[in-house]
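*Asks:* Dropping the structure in here first, questions after.
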Amino acid sequence: MRRTIISLRKRPIWRNWFIVVLFGLVSMEGIAHLQAAGPAVHFLVPSGSSPGVLWAVEKLKTELRSVGYHLNANGGSGIEVVSGATDLPVPARKPEGFRLLAASGGVRIAGFDDGGAMYGLLELANRVRQAGRLPENVDFSDAPAMTLRGTCIFLMKLGSYDYPVTPQEFPFFYDKQLWLQYLDFLAENRFNYIAFWNGHPFDYFVRLDRFPEAQAGMEPGLLQRNHDMLMWIANEAQRRHIWLMFQFYNIHTSVYFQKAHGLPAWNSKPTPLLTDYTAYAIERFVSEFPGIGLYICPGEALNLEYTDSWITNVIFPAVKRTGKTPPIMVRAWAIDLPHMKKVVGHYVPLYTERKFNVEMLASTVIDPENEAWAKLSGNHVVNIHCEANLEPYRWSPPTFIQKCIRSSLAAGGTGLHLYPRKVWRWPYGCDRGTQPQLQWDRDQLWFEAWGRYAWNPSLDPARETEYWVRRLSARYGNVTAGKAALGAYEKGGDVLPAIQRIIWLGDGNHTLISAGIKLDQIANLKGIPFDPMPGIVRIADYIQILKRGGRAQGKTPLEFLDEQIRSADASLSEARHAAAAATRSREDARRLATDAEAVLLLARFYRYKVEAAVAKALGESHLDEPANTATCLRGLRESVDQYRQLTRLTTQTYDSMTDVPAWDPVRDLPCPYHWSDLLPVFEKELAAMEREACTPARR
């Protein structure tokens with residue numbers, strides 16, 4: 001896939017080689033001093049190399065200098081860089097593949113393409129960082145399992161899509177230093193695209209002469225500033241082999257266009273005005289930014305009957321009129337498979353995208369509907385979306401993540417679209433503290449693990465344990481802390497997903513496991529719809545079995561939740577060990593422990609709440625009513641006690657749990673909301689049950 005944002009000079013056919021020397025002109029005495037200080041190296045880089053190759057060369061030079069090498073135009077080991085190599089072994093003979101050959105006399109990095117050469121250079125830089133020297137006797141080939149590996153940034157917030165792009169709303173967008181840090185981080189972890197999300201972003205970046213009312217409310221100079229900033233981001237991303245996409249909803253318009261024409265934010269069917277305006281906005285944007293892809297959400301507003309024709313008769317023709325062919329991705333959201341089949345074949349390059357587990361991360365088993373979508377174009381991106389059941393805790397078990405990627409590939413996935421942990425509040429989170437922590441620092445392991453396994457999900461588990469212990473030891477200062485931190489992640493990794501599997505109160509990010517559940521919501525829960533959960537009896541089935549006087553065959557919901565409590569307890573023990581042993585990032589290690597404690601309290605809350613709900617259902621069926629009433633009250637009191645402890649703990653650690661309006665267990669909550677907003681709901685529920693138990697009919 002072409003990722004050029006601005007045109008580059010055509011590479012000379014004769015491939016002139018030039019020597020890249022960083023130190024400039026120095027005196028002969030200076031050269032002698034440098035030669036005495038450490039070994040020399042020189043670079044052979046083809047003229048006309050891509051920005052990504054040149055950027056990675058600079059990264060490698062920095063690593064070499066840091067371990068004592070100096071650059072010499074005529075002496076020392078040679079580092080040769082080749083792009084478009086034809087002599088690669090089969091595993092590397094694909095886009096972004098590379099081969100690293102190292103011997104005592106020098107190193108050759110051969111890339112299948114510019115991306116492969118860049119990643120080969122970064123691989124060498126990492127080896128220099130690890131070993132403190134250039135490697136010898138190495139013949140290593142590599143290439144990605146997934147061709148697309150991206151993350152996203154919301155130009156949206158508080159669960160709403162239609163925000164103008166301004167410094168007041170999104171100050172991070174204008175922070176160039178922040179962008180350089182993040183782009184470097186993504187490139188080093190082999191991510192190759194970023195998707196911006198906004199209800200209708202085009203008006204904020206290109207002038208719409210035919211529809212000036214769509215931009216009438218913008219501050220003077222802001223449109224040009226946004227245009228220039230996006231161009232700068234695109235060029236800096238290109239230097240790191242990262243391309244950009246713009247996700248948009250249909251049919252949405254700019255906030256200014258809505259006001260001028262008296263339109264709602266969401267429009268459910270096309271009109272001549274909306275058709276003309278949308279096509280023109282897209283045509284102008286693609287003409288100005290031909291290297292930025294389009295990422296289409298066919299709804300949520302647009303009625304299903306119009307989705308395929310809107311894409312094929314409005315969006316695709318607008319793009320084709322520019323004479324450009326940016327990549328286009330269509331989300332499996334508000335469009336079904338029959339309508340999407342009508343879209344396929346009308347545009348190339350076309351990608352599909354579907355969520356891994358709706359808006360949760362509930363299982364390592366992918367939603368099987370991805371398989372049918374993956375067959376449509378052969379280019380299918382799997383979206384790790386919102387992870388509402390994990391909010392807002394630290395959660396990054398490498399083994400769980402590796403299994404998710406393997407499941408995605410088995411279903412036909414060829415790409416990854418990864419949400420940050422707090423996508424609605426980018427680039428910071430909701431941790432309490434005097435210094436806000438950037439998400440790629442706080443959740444470094446999250447990004448690293450998904451990027452690592454999207455590149456290669458077949459890495460050996462034993463060696464992976466060693467790798468992650470090494471990474472976490474570097475983070476927390478020593479091996480003891482590193483091993484314990486990895487133990488905390490791995491042992492507690494399936495607790496929140498497991499609770500989601502058996503509860504499954506909702507499938508959207510408006511419903512959080514951490515928010516809890518009301519008693520009357522539990523009895524009919526059937527659990528995750530697409531994971532068979534073999535050997536586990538679901539809550540609704542368990543209640544019916546008990547009502548019939550039967551015995552459950554398999555693990556009961558209470559036994560299943562007891563297992564999660566034991567896992568959470570083991571995770572907390574490891575996390576506390578890590579916090580005690582850490583000599584670096586000690587505050588982060590402490591928060592890993594408080595998160596593990598919160599997850600344990602949450603697991604206990606659900607265990608007691610389900611026990612109370614089962615007893616209540618049996619009592620209402622007049623099965624040993626006094627005993628079941630007592631069991632219900634006991635479980636309910638214990639669940640409230642656990643939630644009360646959870647509220648006290650999280651009051652110290654988080655300002656809120658989510659930035660999305662609540663749907664469950666109740667809707668009348670502020671946004672964002674905290675555990676302290678839910679505790680009165682559960683206390684009130686307990687008080688009502690206690691009053692009911694004391695009525696004459698109950699005596």
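Labeling convention for the structure tokens: chains A, B, ... as they appear, residues from 1 per chain, ligands from 1 in order of appearance.
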So which residues touch Leu572 (chain A) within 7 Å, counting only C-alpha atoms, skipping near sequence neighbours fewer than 4 positions away, as an MDAnalysis selection string?
*Replies:* chainID A and resid 488 568 576 593 596:597
*Asks:* Put those residues in a file: C-alpha atoms, as a CSV table (one decimal), in the first residue's frame.
*Replies:*
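Once everything was written out, this is part_33.csv:
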chain,number,residue,atom,x,y,z
A,488,ALA,CA,0.2,-9.8,38.4
A,568,ALA,CA,-7.6,-11.9,41.5
A,576,ARG,CA,2.0,-5.9,46.0
A,593,ALA,CA,-1.3,-3.0,43.1
A,596,ALA,CA,-5.4,-5.4,41.4
A,597,GLU,CA,-7.1,-4.8,44.7
*Asks:* Could you give me, as a PyMOL selection string, each residue of region 238-413 of chain A that DSSP assigns to helix (DSSP H, G or I) when run on this structure's backbone?
*Replies:* chain A and resi 238+255-261+272-288+304-321+337-341+369-377+388-390+398-410
*Asks:* When you look at Arg129 (chain A) with a cut-off of 10 Å (counting only C-alpha atoms), what residues show up, excluding the ones that are within fewer than 4 positions of it in the same chain? I need them as a list of chain:residue names.
*Replies:*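 What passes the distance filter is A:Leu60, A:Thr62, A:Glu63, A:Leu64, A:Ser66, A:Val67, A:Glu123, A:Leu124, A:Ala125, A:Arg133, A:Leu134.
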*Asks:* Between CA of Pro397 (chain A) and CA of Thr651 (chain A), what is the spacing in Å?
*Replies:*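 Answer for the CA of Thr651 (chain A) to CA of Pro397 (chain A) separation: 25.4 Å.
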*Asks:* Within 12 Å of Pro670 (chain A), counting only C-alpha atoms, which residues show up once you throw out same-chain ones fewer than 2 positions away? Write them as a list in words, please.
*Replies:* Leu158, Ser656, Met657, Thr658, Asp659, Val660, Pro661, Ala662, Trp663, Val666, Arg667, Asp668, Pro672, Tyr673, His674, Trp675, Ser676, Asp677 and Leu678 of chain A
*Asks:* Store the residues picked out above in a file with C-alpha atoms, as a PDB file, in the first residue's frame.
*Replies:*
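Output contents, as saved in again.pdb:
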ATOM      1  CA  LEU A 158     -17.809  12.425  26.361  1.00  0.00           C
ATOM      2  CA  SER A 656     -14.037   8.628  37.288  1.00  0.00           C
ATOM      3  CA  MET A 657     -14.467   5.231  35.660  1.00  0.00           C
ATOM      4  CA  THR A 658     -15.626   6.280  32.174  1.00  0.00           C
ATOM      5  CA  ASP A 659     -16.361   9.281  29.976  1.00  0.00           C
ATOM      6  CA  VAL A 660     -19.373   7.691  28.272  1.00  0.00           C
ATOM      7  CA  PRO A 661     -22.978   8.196  29.474  1.00  0.00           C
ATOM      8  CA  ALA A 662     -24.302   5.290  31.553  1.00  0.00           C
ATOM      9  CA  TRP A 663     -26.887   2.785  30.349  1.00  0.00           C
ATOM     10  CA  VAL A 666     -28.942   2.838  35.799  1.00  0.00           C
ATOM     11  CA  ARG A 667     -28.999   5.751  33.359  1.00  0.00           C
ATOM     12  CA  ASP A 668     -29.443   8.756  35.634  1.00  0.00           C
ATOM     13  CA  PRO A 672     -18.274  11.142  33.614  1.00  0.00           C
ATOM     14  CA  TYR A 673     -19.267   9.192  36.723  1.00  0.00           C
ATOM     15  CA  HIS A 674     -17.510   7.511  39.641  1.00  0.00           C
ATOM     16  CA  TRP A 675     -18.090   4.480  41.856  1.00  0.00           C
ATOM     17  CA  SER A 676     -19.362   6.924  44.465  1.00  0.00           C
ATOM     18  CA  ASP A 677     -22.264   7.702  42.113  1.00  0.00           C
ATOM     19  CA  LEU A 678     -23.236   4.003  42.035  1.00  0.00           C
TER      20      LEU A 678
END
*Asks:* Give me, as JSON, numbers by chain, the residues of region 166-249 of chain A that a backbone DSSP run labels strand (DSSP E or B).
*Replies:* {"A": [193, 194, 195, 196, 197, 243, 244, 245, 246, 247, 248, 249]}
*Asks:* Within 7 Å of region 81-95 of chain A, counting only C-alpha atoms, which residues qualify if same-chain residues fewer than 6 places away don't, as a list in words?
*Replies:* Leu44, Val45, Arg108, Ile109, Ala110, Gly111, Phe112, Asp113, Asp114, Gly116, Ala117, Ser141, Asp142 and Ala143 of chain A
*Asks:* Name all residues at most 12 Å from Ile536 (chain A) (count only C-alpha atoms; drop same-chain ones fewer than 3 positions away) and give them as a ChimeraX atom specification.
*Replies:* /A:498,501-502,526-528,531-533,539-542,552-561,563
*Asks:* Filtering to N, CA and C atoms, could you give me those residues as a compact mmCIF listing (two decimals), in the first residue's frame?
*Replies:*
# COMPACT_ATOMS: atom_id res chain seq x y z
N ALA A 498 -13.61 -12.71 32.22
CA ALA A 498 -14.45 -13.83 32.66
C ALA A 498 -15.76 -13.33 33.27
N ARG A 501 -17.94 -12.38 30.49
CA ARG A 501 -18.50 -13.53 29.76
C ARG A 501 -19.76 -14.06 30.42
N ILE A 502 -19.76 -14.13 31.75
CA ILE A 502 -20.89 -14.75 32.43
C ILE A 502 -22.00 -13.75 32.73
N LYS A 526 -27.86 -14.67 30.21
CA LYS A 526 -27.45 -15.90 29.52
C LYS A 526 -25.96 -15.90 29.17
N GLY A 527 -25.26 -14.81 29.45
CA GLY A 527 -23.82 -14.79 29.22
C GLY A 527 -23.46 -14.46 27.78
N ILE A 528 -22.18 -14.53 27.50
CA ILE A 528 -21.64 -14.14 26.19
C ILE A 528 -22.31 -14.94 25.08
N ASP A 531 -19.32 -17.12 22.56
CA ASP A 531 -18.32 -18.02 23.14
C ASP A 531 -19.06 -19.14 23.85
N PRO A 532 -18.90 -20.39 23.44
CA PRO A 532 -19.69 -21.47 24.03
C PRO A 532 -19.42 -21.74 25.51
N MET A 533 -18.29 -21.28 26.04
CA MET A 533 -17.93 -21.49 27.46
C MET A 533 -18.17 -22.95 27.88
N ILE A 539 -25.92 -18.36 34.18
CA ILE A 539 -26.73 -17.99 35.34
C ILE A 539 -28.20 -18.34 35.15
N ALA A 540 -28.78 -17.95 34.02
CA ALA A 540 -30.21 -18.22 33.79
C ALA A 540 -30.49 -19.73 33.79
N ASP A 541 -29.59 -20.49 33.17
CA ASP A 541 -29.77 -21.94 33.12
C ASP A 541 -29.63 -22.55 34.52
N TYR A 542 -28.69 -22.02 35.29
CA TYR A 542 -28.45 -22.54 36.64
C TYR A 542 -29.69 -22.35 37.52
N ALA A 552 -26.65 -29.16 38.72
CA ALA A 552 -25.93 -28.63 37.56
C ALA A 552 -24.81 -29.57 37.14
N GLN A 553 -24.71 -29.81 35.85
CA GLN A 553 -23.62 -30.60 35.29
C GLN A 553 -22.57 -29.63 34.75
N GLY A 554 -21.50 -29.52 35.45
CA GLY A 554 -20.47 -28.56 35.08
C GLY A 554 -20.26 -27.55 36.18
N LYS A 555 -19.46 -26.57 35.90
CA LYS A 555 -19.10 -25.56 36.88
C LYS A 555 -20.25 -24.57 37.01
N THR A 556 -20.72 -24.35 38.23
CA THR A 556 -21.82 -23.42 38.45
C THR A 556 -21.31 -21.98 38.35
N PRO A 557 -22.20 -21.02 38.15
CA PRO A 557 -21.76 -19.62 38.10
C PRO A 557 -21.02 -19.20 39.36
N LEU A 558 -21.46 -19.70 40.52
CA LEU A 558 -20.79 -19.32 41.77
C LEU A 558 -19.40 -19.93 41.84
N GLU A 559 -19.26 -21.17 41.40
CA GLU A 559 -17.93 -21.79 41.37
C GLU A 559 -17.02 -21.06 40.38
N PHE A 560 -17.60 -20.68 39.25
CA PHE A 560 -16.84 -19.94 38.25
C PHE A 560 -16.35 -18.60 38.82
N LEU A 561 -17.21 -17.90 39.53
CA LEU A 561 -16.81 -16.63 40.12
C LEU A 561 -15.83 -16.82 41.28
N GLU A 563 -13.50 -18.97 41.23
CA GLU A 563 -12.22 -19.09 40.53
C GLU A 563 -11.64 -17.72 40.21
*Asks:* Here is a test: counting only C-alpha atoms, which residue of A:Ser573, A:Asn456, A:Thr631, A:Thr650 is nearest to Leu602 (chain A)?
*Replies:* A:Thr650
*Asks:* Set the distance at 6 Å and use only C-alpha atoms: which residues neighbour region 346-362 of chain A once local chain neighbours fewer than 6 positions away are removed? I'd like the list as a PDB file with N, CA and C atoms, in the first residue's frame.
*Replies:*
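selection05.pdb, written as the output of this step:
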ATOM      1  N   PRO A 327      -6.627   4.422   0.391  1.00  0.00           N
ATOM      2  CA  PRO A 327      -7.300   3.239   0.929  1.00  0.00           C
ATOM      3  C   PRO A 327      -8.594   3.627   1.625  1.00  0.00           C
ATOM      4  N   ILE A 328      -9.608   2.781   1.487  1.00  0.00           N
ATOM      5  CA  ILE A 328     -10.896   3.014   2.131  1.00  0.00           C
ATOM      6  C   ILE A 328     -11.259   1.781   2.941  1.00  0.00           C
ATOM      7  N   MET A 329     -11.654   2.012   4.181  1.00  0.00           N
ATOM      8  CA  MET A 329     -12.079   0.942   5.073  1.00  0.00           C
ATOM      9  C   MET A 329     -13.540   1.174   5.452  1.00  0.00           C
ATOM     10  N   VAL A 330     -14.323   0.114   5.488  1.00  0.00           N
ATOM     11  CA  VAL A 330     -15.730   0.207   5.867  1.00  0.00           C
ATOM     12  C   VAL A 330     -15.951  -0.610   7.133  1.00  0.00           C
ATOM     13  N   ARG A 331     -16.519   0.042   8.150  1.00  0.00           N
ATOM     14  CA  ARG A 331     -16.795  -0.619   9.421  1.00  0.00           C
ATOM     15  C   ARG A 331     -18.065  -1.455   9.343  1.00  0.00           C
ATOM     16  N   ALA A 332     -18.021  -2.601   9.970  1.00  0.00           N
ATOM     17  CA  ALA A 332     -19.230  -3.428  10.116  1.00  0.00           C
ATOM     18  C   ALA A 332     -20.032  -2.898  11.301  1.00  0.00           C
ATOM     19  N   ASN A 379      -9.188  -8.357   2.748  1.00  0.00           N
ATOM     20  CA  ASN A 379      -8.453  -7.403   3.592  1.00  0.00           C
ATOM     21  C   ASN A 379      -9.357  -7.022   4.754  1.00  0.00           C
ATOM     22  N   HIS A 380      -9.156  -7.656   5.889  1.00  0.00           N
ATOM     23  CA  HIS A 380     -10.081  -7.480   7.008  1.00  0.00           C
ATOM     24  C   HIS A 380      -9.327  -7.090   8.269  1.00  0.00           C
ATOM     25  N   VAL A 381      -9.747  -5.988   8.858  1.00  0.00           N
ATOM     26  CA  VAL A 381      -9.115  -5.452  10.060  1.00  0.00           C
ATOM     27  C   VAL A 381      -9.985  -5.776  11.267  1.00  0.00           C
ATOM     28  N   VAL A 382      -9.360  -6.304  12.308  1.00  0.00           N
ATOM     29  CA  VAL A 382     -10.058  -6.635  13.549  1.00  0.00           C
ATOM     30  C   VAL A 382      -9.860  -5.486  14.534  1.00  0.00           C
ATOM     31  N   ASN A 383     -10.965  -5.016  15.097  1.00  0.00           N
ATOM     32  CA  ASN A 383     -10.951  -3.844  15.966  1.00  0.00           C
ATOM     33  C   ASN A 383     -11.064  -4.251  17.437  1.00  0.00           C
ATOM     34  N   ILE A 384     -10.044  -3.927  18.213  1.00  0.00           N
ATOM     35  CA  ILE A 384     -10.097  -4.070  19.673  1.00  0.00           C
ATOM     36  C   ILE A 384     -10.675  -2.769  20.188  1.00  0.00           C
ATOM     37  N   HIS A 385     -11.959  -2.792  20.522  1.00  0.00           N
ATOM     38  CA  HIS A 385     -12.767  -1.581  20.580  1.00  0.00           C
ATOM     39  C   HIS A 385     -13.224  -1.252  22.009  1.00  0.00           C
ATOM     40  N   CYS A 386     -12.712  -0.161  22.537  1.00  0.00           N
ATOM     41  CA  CYS A 386     -13.183   0.422  23.814  1.00  0.00           C
ATOM     42  C   CYS A 386     -12.826  -0.386  25.061  1.00  0.00           C
ATOM     43  N   GLU A 387     -12.975  -1.735  25.017  1.00  0.00           N
ATOM     44  CA  GLU A 387     -12.639  -2.571  26.174  1.00  0.00           C
ATOM     45  C   GLU A 387     -13.344  -2.059  27.428  1.00  0.00           C
ATOM     46  N   ALA A 388     -14.635  -1.815  27.329  1.00  0.00           N
ATOM     47  CA  ALA A 388     -15.365  -1.201  28.432  1.00  0.00           C
ATOM     48  C   ALA A 388     -15.323  -2.044  29.696  1.00  0.00           C
ATOM     49  N   ASN A 389     -15.221  -3.360  29.564  1.00  0.00           N
ATOM     50  CA  ASN A 389     -15.183  -4.203  30.761  1.00  0.00           C
ATOM     51  C   ASN A 389     -13.846  -4.103  31.492  1.00  0.00           C
ATOM     52  N   PRO A 497     -12.399 -10.139  31.942  1.00  0.00           N
ATOM     53  CA  PRO A 497     -13.059 -10.797  30.806  1.00  0.00           C
ATOM     54  C   PRO A 497     -13.998 -11.920  31.237  1.00  0.00           C
ATOM     55  N   GLN A 500     -17.229 -10.571  32.506  1.00  0.00           N
ATOM     56  CA  GLN A 500     -18.012 -10.099  31.366  1.00  0.00           C
ATOM     57  C   GLN A 500     -18.673 -11.271  30.631  1.00  0.00           C
ATOM     58  N   ARG A 501     -17.943 -12.380  30.493  1.00  0.00           N
ATOM     59  CA  ARG A 501     -18.503 -13.530  29.763  1.00  0.00           C
ATOM     60  C   ARG A 501     -19.761 -14.061  30.424  1.00  0.00           C
ATOM     61  N   GLY A 508     -22.208  -2.722  24.688  1.00  0.00           N
ATOM     62  CA  GLY A 508     -21.670  -1.433  24.269  1.00  0.00           C
ATOM     63  C   GLY A 508     -20.861  -0.793  25.384  1.00  0.00           C
ATOM     64  N   ASN A 509     -20.122   0.260  25.024  1.00  0.00           N
ATOM     65  CA  ASN A 509     -19.251   0.886  26.020  1.00  0.00           C
ATOM     66  C   ASN A 509     -20.000   1.792  26.980  1.00  0.00           C
TER      67      ASN A 509
END
*Asks:* Between A:Ala103, A:Leu222, A:Leu600, A:Leu208, which one has atoms that come closest to Ala281 (chain A), using only C-alpha atoms?
*Replies:* A:Leu208
*Asks:* With distances taken over only C-alpha atoms, which of A:His252, A:Lys324, A:Arg648, A:Lys61 is nearest to Ile292 (chain A)?
*Replies:*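 Among the listed residues, the smallest separation from Ile292 (chain A) belongs to A:Lys324.
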*Asks:* Tell me which of A:Arg321, A:Arg190, A:Arg394, A:Arg239 sits closest to Leu592 (chain A), counting only C-alpha atoms.
*Replies:* A:Arg394
